[in-house]
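Novice: Just so it is clear, I am handing over upload.cif, which has mmCIF, C-alpha atoms.
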```cif
data_run
#
loop_
_atom_site.label_atom_id
_atom_site.label_comp_id
_atom_site.auth_asym_id
_atom_site.auth_seq_id
_atom_site.Cartn_x
_atom_site.Cartn_y
_atom_site.Cartn_z
CA MET A 1 55.48 28.12 -28.79
CA PHE A 2 54.54 27.54 -32.43
CA LEU A 3 57.87 26.87 -34.21
CA LEU A 4 57.41 23.79 -36.39
CA GLY A 5 60.40 23.42 -38.68
CA ALA A 6 62.28 26.28 -37.07
CA GLY A 7 65.56 24.38 -37.26
CA GLY A 8 65.39 24.26 -41.04
CA CYS A 9 64.72 27.93 -41.53
CA ALA A 10 67.26 29.01 -38.93
CA ALA A 11 70.05 27.90 -41.27
CA LEU A 12 68.76 29.80 -44.31
CA THR A 13 70.91 32.50 -45.82
CA GLY A 14 68.97 33.34 -48.97
CA CYS A 15 65.55 33.44 -47.32
CA ALA A 16 64.35 35.58 -44.46
CA GLN A 17 63.88 33.57 -41.30
CA SER A 18 60.09 33.62 -41.22
CA HIS A 19 57.57 30.82 -41.30
CA VAL A 20 54.15 30.65 -42.91
CA PHE A 21 51.84 27.80 -41.93
CA SER A 22 48.31 26.81 -42.86
CA VAL A 23 45.86 24.09 -41.91
CA ALA A 24 43.40 22.69 -44.44
CA ASP A 25 39.70 23.19 -43.80
CA ALA A 26 36.47 21.68 -45.03
CA GLY A 27 35.72 24.43 -47.53
CA PRO A 28 32.51 26.45 -47.89
CA VAL A 29 29.33 25.10 -46.36
CA GLU A 30 25.98 26.07 -47.84
CA PRO A 31 22.94 25.43 -45.62
CA ALA A 32 20.95 23.68 -48.34
CA ASP A 33 23.72 21.12 -48.84
CA ALA A 34 24.86 20.93 -45.24
CA ALA A 35 24.35 17.21 -44.74
CA LEU A 36 26.08 16.30 -48.00
CA VAL A 37 29.01 18.64 -47.42
CA ALA A 38 29.38 17.46 -43.85
CA GLU A 39 29.37 13.82 -44.92
CA ASP A 40 31.93 14.44 -47.64
CA ALA A 41 34.19 16.28 -45.18
CA GLY A 42 33.86 13.67 -42.48
CA MET A 43 31.98 16.24 -40.43
CA ASP A 44 29.01 15.80 -38.10
CA THR A 45 26.69 18.81 -38.49
CA GLY A 46 25.84 18.85 -34.81
CA ALA A 47 29.18 17.78 -33.40
CA GLY A 48 32.40 16.23 -34.54
CA ASP A 49 35.61 17.06 -36.33
CA LEU A 50 37.07 17.24 -39.79
CA GLY A 51 38.15 13.62 -39.69
CA LEU A 52 41.79 14.66 -39.63
CA ASP A 53 44.64 12.37 -38.68
CA ASP A 54 46.34 13.27 -35.40
CA SER A 55 49.70 11.78 -36.43
CA GLY A 56 51.61 15.09 -36.40
CA PRO A 57 54.27 16.19 -38.94
CA GLY A 58 55.05 13.50 -41.50
CA ASP A 59 58.19 12.61 -43.45
CA ALA A 60 56.81 13.88 -46.75
CA GLY A 61 56.07 17.34 -45.35
CA GLN A 62 59.43 17.58 -43.63
CA ASP A 63 61.25 16.42 -46.79
CA ALA A 64 59.53 19.17 -48.77
CA PHE A 65 60.54 21.70 -46.16
CA ASP A 66 64.12 20.45 -46.14
CA ALA A 67 64.23 20.69 -49.94
CA CYS A 68 63.11 24.27 -49.76
CA ALA A 69 65.70 25.07 -47.09
CA ALA A 70 68.45 23.36 -49.11
CA GLY A 71 67.60 25.55 -52.10
CA CYS A 72 68.30 28.62 -49.99
CA ASP A 73 71.47 27.46 -48.23
CA ASP A 74 73.78 28.64 -51.00
CA GLY A 75 72.58 32.20 -50.74
CA ASP A 76 70.67 32.01 -54.03
CA GLU A 77 67.18 33.30 -54.56
CA CYS A 78 64.48 30.83 -53.51
CA THR A 79 63.52 28.78 -56.55
CA ASP A 80 61.74 25.83 -54.93
CA ASP A 81 57.97 25.66 -55.39
CA LEU A 82 57.59 25.93 -51.62
CA CYS A 83 59.59 29.15 -51.49
CA GLU A 84 57.80 32.34 -52.41
CA ALA A 85 58.31 36.06 -51.96
CA GLY A 86 61.78 35.45 -50.52
CA ARG A 87 60.47 33.37 -47.65
CA CYS A 88 60.72 29.70 -46.79
CA VAL A 89 57.15 28.46 -46.72
CA PHE A 90 56.16 25.14 -45.16
CA VAL A 91 52.52 24.29 -45.86
CA PRO A 92 51.72 20.97 -44.14
CA ARG A 93 48.78 18.83 -45.13
CA ALA A 94 46.11 18.40 -42.48
CA SER A 95 47.11 14.79 -41.96
CA GLU A 96 50.70 15.86 -41.33
CA CYS A 97 50.27 18.79 -39.00
CA GLU A 98 47.25 19.69 -36.92
CA PHE A 99 46.94 22.27 -34.17
CA PHE A 100 43.19 22.85 -34.09
CA ARG A 101 40.23 20.66 -34.97
CA THR A 102 37.17 22.32 -36.51
CA HIS A 103 33.71 21.55 -35.11
CA VAL A 104 30.40 22.69 -36.56
CA ILE A 105 27.96 23.71 -33.85
CA ARG A 106 25.13 24.64 -36.20
CA LEU A 107 24.66 25.76 -39.82
CA VAL A 108 22.65 28.98 -39.80
CA SER A 109 22.01 31.73 -42.33
CA GLY A 110 23.14 35.08 -41.00
CA ALA A 111 24.90 33.81 -37.87
CA HIS A 112 25.96 37.00 -36.17
CA SER A 113 27.18 37.07 -32.56
CA VAL A 114 28.46 34.56 -30.02
CA ALA A 115 29.32 34.86 -26.32
CA ALA A 116 30.42 32.20 -23.82
CA THR A 117 28.46 31.70 -20.60
CA ASP A 118 27.51 28.90 -18.22
CA ILE A 119 23.89 29.95 -18.56
CA ASP A 120 22.48 26.73 -17.06
CA GLN A 121 25.07 26.58 -14.24
CA ASP A 122 26.10 22.99 -14.90
CA GLY A 123 29.82 23.70 -14.81
CA ASP A 124 30.62 23.99 -18.55
CA LEU A 125 30.46 26.79 -21.07
CA ASP A 126 27.40 27.26 -23.25
CA LEU A 127 26.97 29.91 -25.94
CA ALA A 128 24.60 32.87 -26.31
CA VAL A 129 24.03 33.39 -30.04
CA THR A 130 22.09 35.52 -32.51
CA ALA A 131 21.30 35.25 -36.21
CA HIS A 132 20.27 38.28 -38.21
CA ASN A 133 18.93 36.64 -41.39
CA SER A 134 17.40 33.68 -39.58
CA ARG A 135 16.02 36.14 -37.02
CA PHE A 136 16.45 34.70 -33.55
CA TYR A 137 18.03 34.98 -30.13
CA ALA A 138 19.08 31.62 -28.65
CA TRP A 139 21.49 29.79 -26.41
CA GLU A 140 23.38 26.68 -27.43
CA GLU A 141 23.62 24.10 -24.66
CA ASN A 142 26.95 22.30 -24.38
CA VAL A 143 25.21 19.05 -23.44
CA GLU A 144 28.13 16.90 -22.33
CA GLY A 145 30.62 19.67 -21.59
CA THR A 146 32.89 18.49 -24.39
CA GLY A 147 31.60 20.67 -27.23
CA LEU A 148 30.60 17.57 -29.20
CA VAL A 149 26.84 17.65 -28.60
CA TRP A 150 24.80 20.85 -28.78
CA THR A 151 21.11 21.60 -28.26
CA GLN A 152 19.69 24.95 -29.35
CA HIS A 153 17.16 26.73 -27.12
CA VAL A 154 15.45 29.64 -28.89
CA LEU A 155 14.70 32.58 -26.62
CA LEU A 156 12.87 34.66 -29.22
CA ALA A 157 12.17 34.07 -32.92
CA GLY A 158 11.17 36.59 -35.56
CA GLU A 159 13.52 39.42 -34.54
CA ALA A 160 16.83 40.17 -36.25
CA GLY A 161 19.23 39.65 -33.35
CA ARG A 162 22.70 41.17 -33.59
CA GLN A 163 24.07 40.92 -30.04
CA LEU A 164 23.30 38.87 -26.93
CA VAL A 165 25.40 39.63 -23.84
CA PRO A 166 25.44 37.46 -20.68
CA VAL A 167 25.34 39.36 -17.39
CA ASP A 168 23.79 38.88 -13.96
CA PHE A 169 21.43 41.78 -14.44
CA ASP A 170 19.14 41.16 -11.46
CA GLY A 171 21.94 40.24 -9.04
CA ASP A 172 20.61 36.79 -8.14
CA GLY A 173 23.81 34.90 -8.90
CA ASP A 174 23.04 33.56 -12.39
CA ASP A 175 23.53 35.00 -15.86
CA ASP A 176 20.70 36.76 -17.66
CA LEU A 177 20.97 37.98 -21.26
CA ILE A 178 20.69 41.44 -22.81
CA GLY A 179 20.05 41.51 -26.56
CA GLY A 180 19.40 43.89 -29.40
CA GLY A 181 19.21 44.02 -33.15
CA GLY A 182 18.48 46.15 -36.11
CA ARG A 183 16.56 47.29 -39.15
CA ASP A 184 13.19 46.26 -37.76
CA ASP A 185 10.49 48.69 -36.67
CA PRO A 186 10.45 49.13 -33.73
CA TYR A 187 14.00 48.38 -32.60
CA PRO A 188 13.62 46.56 -29.24
CA ILE A 189 16.43 46.10 -26.75
CA ARG A 190 15.49 43.13 -24.60
CA LEU A 191 16.30 41.61 -21.23
CA PHE A 192 15.96 37.84 -20.97
CA GLU A 193 15.74 37.07 -17.25
CA ASN A 194 16.97 33.62 -16.23
CA LEU A 195 14.12 32.83 -13.84
CA HIS A 196 15.36 29.70 -12.05
CA GLY A 197 19.11 29.96 -12.65
CA ASP A 198 19.26 26.82 -14.82
CA ALA A 199 18.06 28.42 -18.10
CA SER A 200 14.88 26.31 -18.02
CA ALA A 201 12.67 29.40 -18.25
CA PHE A 202 13.14 33.05 -19.19
CA ALA A 203 11.01 36.16 -18.80
CA THR A 204 11.40 38.69 -21.61
CA TYR A 205 11.25 42.46 -21.10
CA GLN A 206 11.72 45.34 -23.52
CA ILE A 207 14.08 47.90 -21.97
CA GLY A 208 14.79 50.07 -25.00
CA ASP A 209 13.56 50.86 -28.50
CA ARG A 210 16.70 51.57 -30.52
CA GLU A 211 18.36 49.65 -33.33
CA LEU A 212 21.89 48.62 -32.37
CA GLN A 213 24.97 46.98 -33.83
CA ASP A 214 26.81 46.21 -30.60
CA LEU A 215 26.26 46.54 -26.87
CA ASP A 216 27.95 46.15 -23.51
CA VAL A 217 26.63 46.06 -19.95
CA GLY A 218 28.20 47.50 -16.80
CA ASP A 219 27.92 50.27 -14.23
CA LEU A 220 29.04 53.09 -16.50
CA ASP A 221 28.09 55.96 -14.19
CA GLY A 222 29.23 54.24 -10.98
CA ASP A 223 25.90 54.50 -9.14
CA GLY A 224 25.65 50.80 -8.29
CA ARG A 225 23.11 49.98 -11.02
CA LEU A 226 23.84 48.29 -14.33
CA ASP A 227 23.68 50.34 -17.51
CA VAL A 228 23.53 49.34 -21.19
CA LEU A 229 26.01 50.88 -23.63
CA ALA A 230 25.33 50.54 -27.36
CA VAL A 231 26.06 51.84 -30.85
CA SER A 232 23.40 52.28 -33.52
CA GLN A 233 24.06 52.38 -37.24
CA TRP A 234 20.92 52.62 -39.33
CA ASP A 235 18.50 54.76 -37.36
CA GLN A 236 20.96 57.38 -36.12
CA PRO A 237 24.70 56.61 -36.01
CA GLU A 238 25.70 57.29 -32.42
CA VAL A 239 27.03 55.93 -29.15
CA PHE A 240 24.26 55.90 -26.55
CA ALA A 241 23.60 54.53 -23.08
CA LEU A 242 20.57 53.34 -21.15
CA PHE A 243 21.37 54.35 -17.58
CA GLY A 244 19.67 52.25 -14.95
CA ARG A 245 17.31 54.32 -12.84
CA ASP A 246 14.65 53.49 -10.27
CA GLY A 247 11.78 52.07 -12.26
CA GLY A 248 13.44 52.13 -15.67
CA PHE A 249 16.21 53.47 -17.88
CA GLU A 250 17.34 56.93 -18.93
CA HIS A 251 18.41 57.20 -22.57
CA ARG A 252 21.40 59.45 -23.24
CA VAL A 253 23.46 60.05 -26.39
CA LEU A 254 27.18 60.08 -25.56
CA ALA A 255 28.60 60.87 -29.01
CA ASP A 256 27.57 61.29 -32.63
CA VAL A 257 30.31 59.26 -34.30
CA GLY A 258 29.29 59.45 -37.94
CA LEU A 259 29.95 56.55 -40.24
CA HIS A 260 28.55 53.10 -39.39
CA PRO A 261 29.39 52.39 -35.73
CA GLN A 262 30.13 48.67 -35.24
CA TYR A 263 31.72 48.12 -31.83
CA VAL A 264 31.52 49.51 -28.29
CA ARG A 265 32.90 48.54 -24.85
CA MET A 266 33.07 49.97 -21.33
CA VAL A 267 36.66 49.97 -20.07
CA ASP A 268 38.83 52.13 -17.79
CA LEU A 269 41.53 53.00 -20.32
CA ASP A 270 43.14 55.82 -18.32
CA ALA A 271 43.18 53.92 -15.00
CA ASP A 272 41.40 56.70 -13.08
CA GLY A 273 38.75 54.42 -11.57
CA ARG A 274 35.96 55.52 -13.94
CA LEU A 275 34.74 53.50 -16.90
CA ASP A 276 35.42 55.05 -20.28
CA VAL A 277 34.01 54.06 -23.68
CA LEU A 278 35.92 52.44 -26.56
CA ALA A 279 34.16 52.60 -29.94
CA ALA A 280 34.91 51.61 -33.55
CA PHE A 281 33.07 53.14 -36.51
CA PHE A 282 35.50 52.79 -39.44
CA GLY A 283 37.77 54.69 -37.09
CA LEU A 284 38.74 54.14 -33.45
CA VAL A 285 38.03 56.50 -30.56
CA TRP A 286 37.76 56.43 -26.80
CA LEU A 287 35.43 58.61 -24.77
CA GLU A 288 37.09 59.68 -21.52
CA GLN A 289 34.64 59.99 -18.65
CA GLY A 290 35.18 63.07 -16.53
CA ASP A 291 34.18 64.04 -13.00
CA ASP A 292 30.72 65.26 -14.02
CA ASP A 293 29.74 62.21 -16.11
CA ASP A 294 30.76 64.12 -19.24
CA PHE A 295 32.71 62.37 -22.00
CA THR A 296 35.62 63.74 -24.03
CA LEU A 297 36.38 62.10 -27.39
CA HIS A 298 39.97 61.09 -28.24
CA ASP A 299 40.97 59.72 -31.67
CA LEU A 300 43.29 56.69 -31.57
CA ASP A 301 44.32 57.15 -35.21
CA VAL A 302 43.30 53.73 -36.59
CA TYR A 303 41.71 54.27 -39.97
CA SER A 304 38.73 52.05 -40.94
CA ALA A 305 38.61 50.21 -37.60
CA THR A 306 35.58 47.94 -37.34
CA SER A 307 36.33 46.11 -34.07
CA ALA A 308 38.65 46.32 -31.08
CA ASP A 309 39.58 44.61 -27.82
CA PRO A 310 41.18 46.28 -24.77
CA VAL A 311 43.95 44.02 -23.46
CA ASP A 312 47.51 44.37 -22.11
CA VAL A 313 49.43 43.37 -25.24
CA ASP A 314 52.92 44.35 -24.07
CA GLY A 315 52.56 43.07 -20.50
CA ASP A 316 53.44 46.38 -18.82
CA GLY A 317 50.39 46.43 -16.55
CA ASP A 318 48.16 48.88 -18.43
CA LEU A 319 45.53 48.32 -21.10
CA ASP A 320 46.42 48.62 -24.77
CA VAL A 321 43.91 48.22 -27.61
CA LEU A 322 43.80 45.61 -30.36
CA ALA A 323 41.99 46.71 -33.50
CA VAL A 324 41.17 45.53 -37.01
CA GLY A 325 40.02 47.45 -40.04
CA ASP A 326 40.40 47.41 -43.80
CA SER A 327 43.13 44.75 -44.25
CA ARG A 328 45.07 45.49 -41.08
CA VAL A 329 45.48 44.01 -37.62
CA VAL A 330 47.08 46.51 -35.23
CA TRP A 331 47.57 47.21 -31.55
CA VAL A 332 47.59 50.64 -29.98
CA GLU A 333 50.23 50.93 -27.27
CA ASN A 334 49.21 52.83 -24.14
CA ARG A 335 52.60 54.41 -23.58
CA ASP A 336 51.92 56.48 -20.47
CA GLY A 337 49.35 54.22 -18.80
CA ARG A 338 46.65 56.89 -19.20
CA MET A 339 46.11 56.60 -22.96
CA GLY A 340 47.47 60.14 -23.29
CA THR A 341 50.42 59.04 -25.43
CA THR A 342 49.90 56.20 -27.90
CA ARG A 343 51.68 54.39 -30.70
CA VAL A 344 50.12 52.15 -33.36
CA HIS A 345 51.90 48.84 -34.11
CA GLN A 346 50.98 46.83 -37.20
CA VAL A 347 50.65 43.08 -36.67
CA ALA A 348 49.50 42.11 -40.16
CA ASN A 349 48.15 43.55 -43.39
CA ASP A 350 46.71 40.38 -44.94
CA LEU A 351 43.00 40.34 -44.01
CA ASP A 352 40.66 41.89 -46.56
CA TYR A 353 37.80 43.64 -44.73
CA ALA A 354 38.90 42.46 -41.28
CA TRP A 355 35.87 42.55 -38.99
CA SER A 356 36.52 40.99 -35.57
CA VAL A 357 39.48 40.77 -33.18
CA HIS A 358 40.03 39.16 -29.79
CA GLY A 359 43.11 38.93 -27.59
CA ALA A 360 43.82 35.78 -25.52
CA ASP A 361 46.72 33.53 -24.53
CA MET A 362 46.00 30.67 -26.94
CA ASP A 363 49.31 28.82 -26.54
CA GLY A 364 49.61 29.19 -22.76
CA ASP A 365 52.97 30.95 -22.79
CA GLY A 366 51.83 33.96 -20.77
CA ASP A 367 51.45 36.58 -23.50
CA VAL A 368 48.53 37.82 -25.61
CA ASP A 369 47.87 36.19 -28.97
CA ILE A 370 45.35 37.54 -31.48
CA LEU A 371 42.27 35.95 -33.04
CA ALA A 372 40.81 37.74 -36.07
CA ALA A 373 38.09 37.24 -38.67
CA SER A 374 38.00 38.58 -42.23
CA ARG A 375 34.77 39.02 -44.17
CA TRP A 376 36.27 39.20 -47.67
CA THR A 377 39.35 37.01 -47.22
CA ASP A 378 36.85 34.59 -45.61
CA GLU A 379 39.31 33.46 -42.95
CA PHE A 380 39.48 32.90 -39.22
CA VAL A 381 43.12 33.51 -38.26
CA LEU A 382 45.33 33.19 -35.17
CA TYR A 383 48.41 35.38 -34.80
CA LEU A 384 50.74 33.85 -32.21
CA ASN A 385 52.80 36.33 -30.20
CA GLN A 386 56.49 35.40 -30.38
CA GLY A 387 57.64 38.50 -28.50
CA ARG A 388 59.18 41.81 -29.62
CA ASP A 389 56.27 42.49 -31.99
CA ARG A 390 56.83 39.26 -33.95
CA TRP A 391 53.74 37.28 -34.89
CA ASP A 392 53.25 33.85 -36.52
CA ARG A 393 50.11 33.39 -38.61
CA LEU A 394 47.92 30.27 -38.45
CA VAL A 395 44.69 29.90 -40.44
CA LEU A 396 42.01 28.19 -38.36
CA MET A 397 39.54 28.01 -41.25
CA GLY A 398 39.27 29.49 -44.73
CA ASP A 399 36.62 29.79 -47.46
CA THR A 400 34.00 30.43 -44.80
CA HIS A 401 31.85 32.95 -46.71
CA ASP A 402 31.91 36.08 -44.54
CA ALA A 403 33.88 35.22 -41.39
CA PHE A 404 32.26 37.61 -38.96
CA GLU A 405 33.07 37.19 -35.26
CA ILE A 406 35.63 35.26 -33.22
CA ILE A 407 36.26 34.85 -29.47
CA ALA A 408 38.27 32.58 -27.16
CA ALA A 409 36.72 30.19 -24.62
CA ASP A 410 37.53 26.80 -23.08
CA ILE A 411 34.64 24.96 -24.72
CA ASP A 412 35.75 21.40 -23.88
CA GLY A 413 36.92 22.17 -20.35
CA ASP A 414 40.43 20.79 -20.83
CA GLY A 415 42.23 23.84 -19.46
CA ASP A 416 43.35 25.53 -22.67
CA LEU A 417 41.55 28.14 -24.73
CA ASP A 418 39.65 27.17 -27.86
CA ALA A 419 38.23 29.57 -30.47
CA VAL A 420 34.56 30.14 -31.34
CA GLY A 421 33.30 32.00 -34.39
CA THR A 422 30.41 32.93 -36.65
CA ALA A 423 30.17 33.12 -40.44
CA THR A 424 27.18 35.04 -41.79
CA VAL A 425 26.74 34.02 -45.44
CA GLY A 426 26.07 30.31 -45.91
CA GLY A 427 27.86 29.68 -42.64
CA GLY A 428 26.92 29.20 -39.01
CA PHE A 429 28.47 28.74 -35.58
CA TYR A 430 31.85 26.96 -35.28
CA TRP A 431 34.44 26.18 -32.67
CA TRP A 432 38.08 25.21 -33.06
CA GLU A 433 39.42 22.74 -30.54
CA ASN A 434 42.91 23.61 -29.30
CA LEU A 435 44.84 20.33 -29.41
CA GLY A 436 47.61 21.65 -27.15
CA ARG A 437 50.36 21.52 -29.80
CA LEU A 438 51.06 25.22 -30.28
#
```
For this file, write the structure as structure tokens.
Specialist:
Amino acid sequence: MFLLGAGGCAALTGCAQSHVFSVADAGPVEPADAALVAEDAGMDTGAGDLGLDDSGPGDAGQDAFDACAAGCDDGDECTDDLCEAGRCVFVPRASECEFFRTHVIRLVSGAHSVAATDIDQDGDLDLAVTAHNSRFYAWEENVEGTGLVWTQHVLLAGEAGRQLVPVDFDGDGDDDLIGGGGRDDPYPIRLFENLHGDASAFATYQIGDRELQDLDVGDLDGDGRLDVLAVSQWDQPEVFALFGRDGGFEHRVLADVGLHPQYVRMVDLDADGRLDVLAAFFGLVWLEQGDDDDFTLHDLDVYSATSADPVDVDGDGDLDVLAVGDSRVVWVENRDGRMGTTRVHQVANDLDYAWSVHGADMDGDGDVDILAASRWTDEFVLYLNQGRDRWDRLVLMGDTHDAFEIIAADIDGDGDLDAVGTATVGGGFYWWENLGRL
């Protein structure tokens, strides 16, 4: 549990008993100056950390916190510099308090998507990545299994990749990759077949010709063959599927969703044994699959949603939905277990143009925490679940110039979850090592 300094704030009478924490970061990184910035920050551009001291909370930071708490003990308004907006705020320096260590995997213009997979079957997690501006599909090899040394293997250059999803498409026991992108003519959706199971060679096939923003792979129609689910934005805004058929794929539009679709997933939200569709398009909907492979659209009443993640937030055994949009982070409670009755809970309202969200147990306490990325606040943020809809905020990295996507994965194989993210403008691929102190 993340409760540094909780004893001090528990005694406050003039301040609300809430805690705001932040961890310093290396600042913006421009590709042209990557080596210089990395050297100044004590950062290795291929692997390494921010050069931060692991000493834990120091006397100076605790004294400042105690001074703030003392200023509130008498019931007066907070007047200390470290008290603001009626709250006791402890902002430790990186050398005094460190929960995550930032690692740069690679500096890339237009870094877009990231997914974890042991693509070479060597027992550690690698990453499937795309870059829209730099125009490639690739996988990053976790060479030593520690996340400290990475080698990039380009699968295809010259195409504006937006998504690359690992899945055993041919059923031979190893992961292949399905990718797609946008705003090129034509708009190819590609299968990268892992020929030998160790990612030493791939065969590339075009399986579709549509621009897409996001995709998912699974047996949507339950016929035993894998299908591709996707959303397109620029060509024709819609949710569509490529249904696997003998000898090819059948293209079918599932819904015309209007404004700028960004996210799509297959998930059985109503627990009826059939996969449904969850989609975000500056709104949030789910498409309920019926008996005749028809889909009925239901609005989940989350305005401006750009991303989501189906996960059991409240631990009651059914799937809820995390979502971000505009400045908000919310979760949609599945109150009846069938997504027929829902309630929207606000987690935070402090991320300008929030773009990505992912639910995972980052502190190992058995409940779902929330990772989120903000394109205009330029932050990667962790919201730690303290129970009863209470959340503590921790900034993993700020000033990142368009924080775009974030996921959880055990990159260094130490048994706890780390975070992995992409920043599109003057950014790249990053991971944040969980030091086990949450």
Novice: Return the single residue from A:Gly427, A:Gly197, A:Val311, A:Ala372 that is closest to Leu107 of chain A, with distances computed using only C-alpha atoms.
Specialist: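 Ranked by minimum distance to Leu107 of chain A, first place goes to A:Gly427.
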Novice: Name the residues that the PyMOL selection byres ((chain A and resi 187) around 12) pulls out of this structure, and write them as a list in words.
Specialist: Glu159, Ala160, Gly161, Arg162, Gly179, Gly180, Gly181, Gly182, Arg183, Asp184, Asp185, Pro186, Pro188, Ile189, Arg190, Gln206, Ile207, Gly208, Asp209, Arg210, Glu211, Leu212, Gln213, Ser232, Gln233, Trp234, Asp235 and Gln236 of chain A
Novice: Near segment 121-128 of chain A, counting only C-alpha atoms, which residues have an atom at most 6 Å away, once you skip same-chain residues fewer than 5 positions from it, shown as a short mmCIF file (atom, residue, chain, number, x, y, z; two decimals) with C-alpha atoms, in the frame of the given file?
Specialist:
```cif
data_model
loop_
_atom_site.label_atom_id
_atom_site.label_comp_id
_atom_site.auth_asym_id
_atom_site.auth_seq_id
_atom_site.Cartn_x
_atom_site.Cartn_y
_atom_site.Cartn_z
CA VAL A 114 28.46 34.56 -30.02
CA ALA A 115 29.32 34.86 -26.32
CA ALA A 116 30.42 32.20 -23.82
CA TRP A 139 21.49 29.79 -26.41
CA GLU A 140 23.38 26.68 -27.43
CA GLU A 141 23.62 24.10 -24.66
CA ASN A 142 26.95 22.30 -24.38
CA GLY A 145 30.62 19.67 -21.59
CA ASP A 198 19.26 26.82 -14.82
CA ILE A 411 34.64 24.96 -24.72
#
```
Novice: Please evaluate the PyMOL selection byres ((chain A and resi 174) around 9) against the structure above and give the resulting residues as a PyMOL selection string.
Specialist: chain A and resi 118-121+167-173+175-176+194+196-198
Novice: Name the residues in contact with Leu435 of chain A at a cut-off of 9 Å, using all atoms listed in the file, excluding same-chain residues fewer than 5 positions from it; report them as a tab-separated table (two decimals) with C-alpha atoms, keeping the file's coordinate frame.
Specialist:
```tsv
chain	number	residue	atom	x	y	z
A	98	GLU	CA	47.25	19.69	-36.92
A	99	PHE	CA	46.94	22.27	-34.17
A	100	PHE	CA	43.19	22.85	-34.09
A	101	ARG	CA	40.23	20.66	-34.97
A	416	ASP	CA	43.35	25.53	-22.67
A	418	ASP	CA	39.65	27.17	-27.86
```
Novice: Give me, as JSON, numbers by chain, all polymer residues having an atom no more than 12 Å from Val425 of chain A, counting all atoms listed in the file and skipping those fewer than 5 positions away in the same chain.
Specialist: {"A": [28, 29, 30, 31, 107, 108, 109, 110, 111, 112, 131, 132, 133, 134, 375, 376, 378, 399, 400, 401, 402, 403, 404]}
Novice: Would you work out the distance separating atom CA of Leu191 of chain A from atom CA of Leu148 of chain A, expressed in Å to one decimal?
Specialist: 29.1 Å
Novice: Let me know the residues the PyMOL selection byres ((chain A and resi 367) around 9) catches in the file above, as a list in words.
Specialist: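 Output of the PyMOL selection byres ((chain A and resi 367) around 9): Asp312, Val313, Asp314, Gly315, Ala360, Asp361, Met362, Asp363, Gly364, Asp365, Gly366, Val368, Asp369, Asn385, Gln386 and Gly387 of chain A.
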Novice: Between atom CA of Arg225 of chain A and atom CA of Leu242 of chain A, what is the distance, to one decimal in Å?
Specialist: 11.0 Å
Novice: Just give me the gap between atom CA of Arg388 of chain A and atom CA of Asp268 of chain A in Å, one decimal is fine.
Specialist: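 Value for the atom CA of Arg388 of chain A-atom CA of Asp268 of chain A distance: 25.7 Å.
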Novice: What's around segment 270-275 of chain A at 7 Å? Count all atoms listed in the file, leave out sequence neighbours fewer than 6 positions away in its own chain, and write the answer as a PyMOL selection string.
Specialist: chain A and resi 220+289+337-339
Novice: Give the answer as one residue: which of A:Thr342, A:Pro166, A:Glu238, A:Gly244 has the shortest atom-to-atom distance to Asp256 of chain A, using only C-alpha atoms?
Specialist: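 Using only C-alpha atoms, Asp256 of chain A sits closest to A:Glu238.
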Novice: What's the 7 Å shell around Thr306 of chain A, counting only C-alpha atoms, without same-chain residues fewer than 5 positions away, as a list in words?
Specialist: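 That gives Gln262, Tyr263, Ala280, Phe281, Phe282, Val324, Gly325 and Trp355 of chain A.
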Novice: So which residues fall inside 9 Å of (31.4, 18.8, -27.7) if we count only C-alpha atoms? Mind giving them as a PyMOL selection string?
Specialist: chain A and resi 47-48+103+105+142-150+411-412
Novice: Atoms to include: C-alpha atoms. Write the selected residues as a tab-separated table (two decimals), in the frame of the given file.
Specialist:
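File produced: result_0.tsv:
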```tsv
chain	number	residue	atom	x	y	z
A	47	ALA	CA	29.18	17.78	-33.40
A	48	GLY	CA	32.40	16.23	-34.54
A	103	HIS	CA	33.71	21.55	-35.11
A	105	ILE	CA	27.96	23.71	-33.85
A	142	ASN	CA	26.95	22.30	-24.38
A	143	VAL	CA	25.21	19.05	-23.44
A	144	GLU	CA	28.13	16.90	-22.33
A	145	GLY	CA	30.62	19.67	-21.59
A	146	THR	CA	32.89	18.49	-24.39
A	147	GLY	CA	31.60	20.67	-27.23
A	148	LEU	CA	30.60	17.57	-29.20
A	149	VAL	CA	26.84	17.65	-28.60
A	150	TRP	CA	24.80	20.85	-28.78
A	411	ILE	CA	34.64	24.96	-24.72
A	412	ASP	CA	35.75	21.40	-23.88
```
Novice: In the coordinates of the file, take the point (9.2, 34.1, -31.1) and a cut-off of 12 Å; then, counting only C-alpha atoms, name each qualifying protein, DNA or RNA residue as a list of chain:residue names.
Specialist: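 Residues lying no farther than 12 Å from the given point: A:Ser134, A:Arg135, A:Phe136, A:Tyr137, A:Ala138, A:His153, A:Val154, A:Leu155, A:Leu156, A:Ala157, A:Gly158, A:Glu159, A:Ala160, A:Gly161, A:Thr204.
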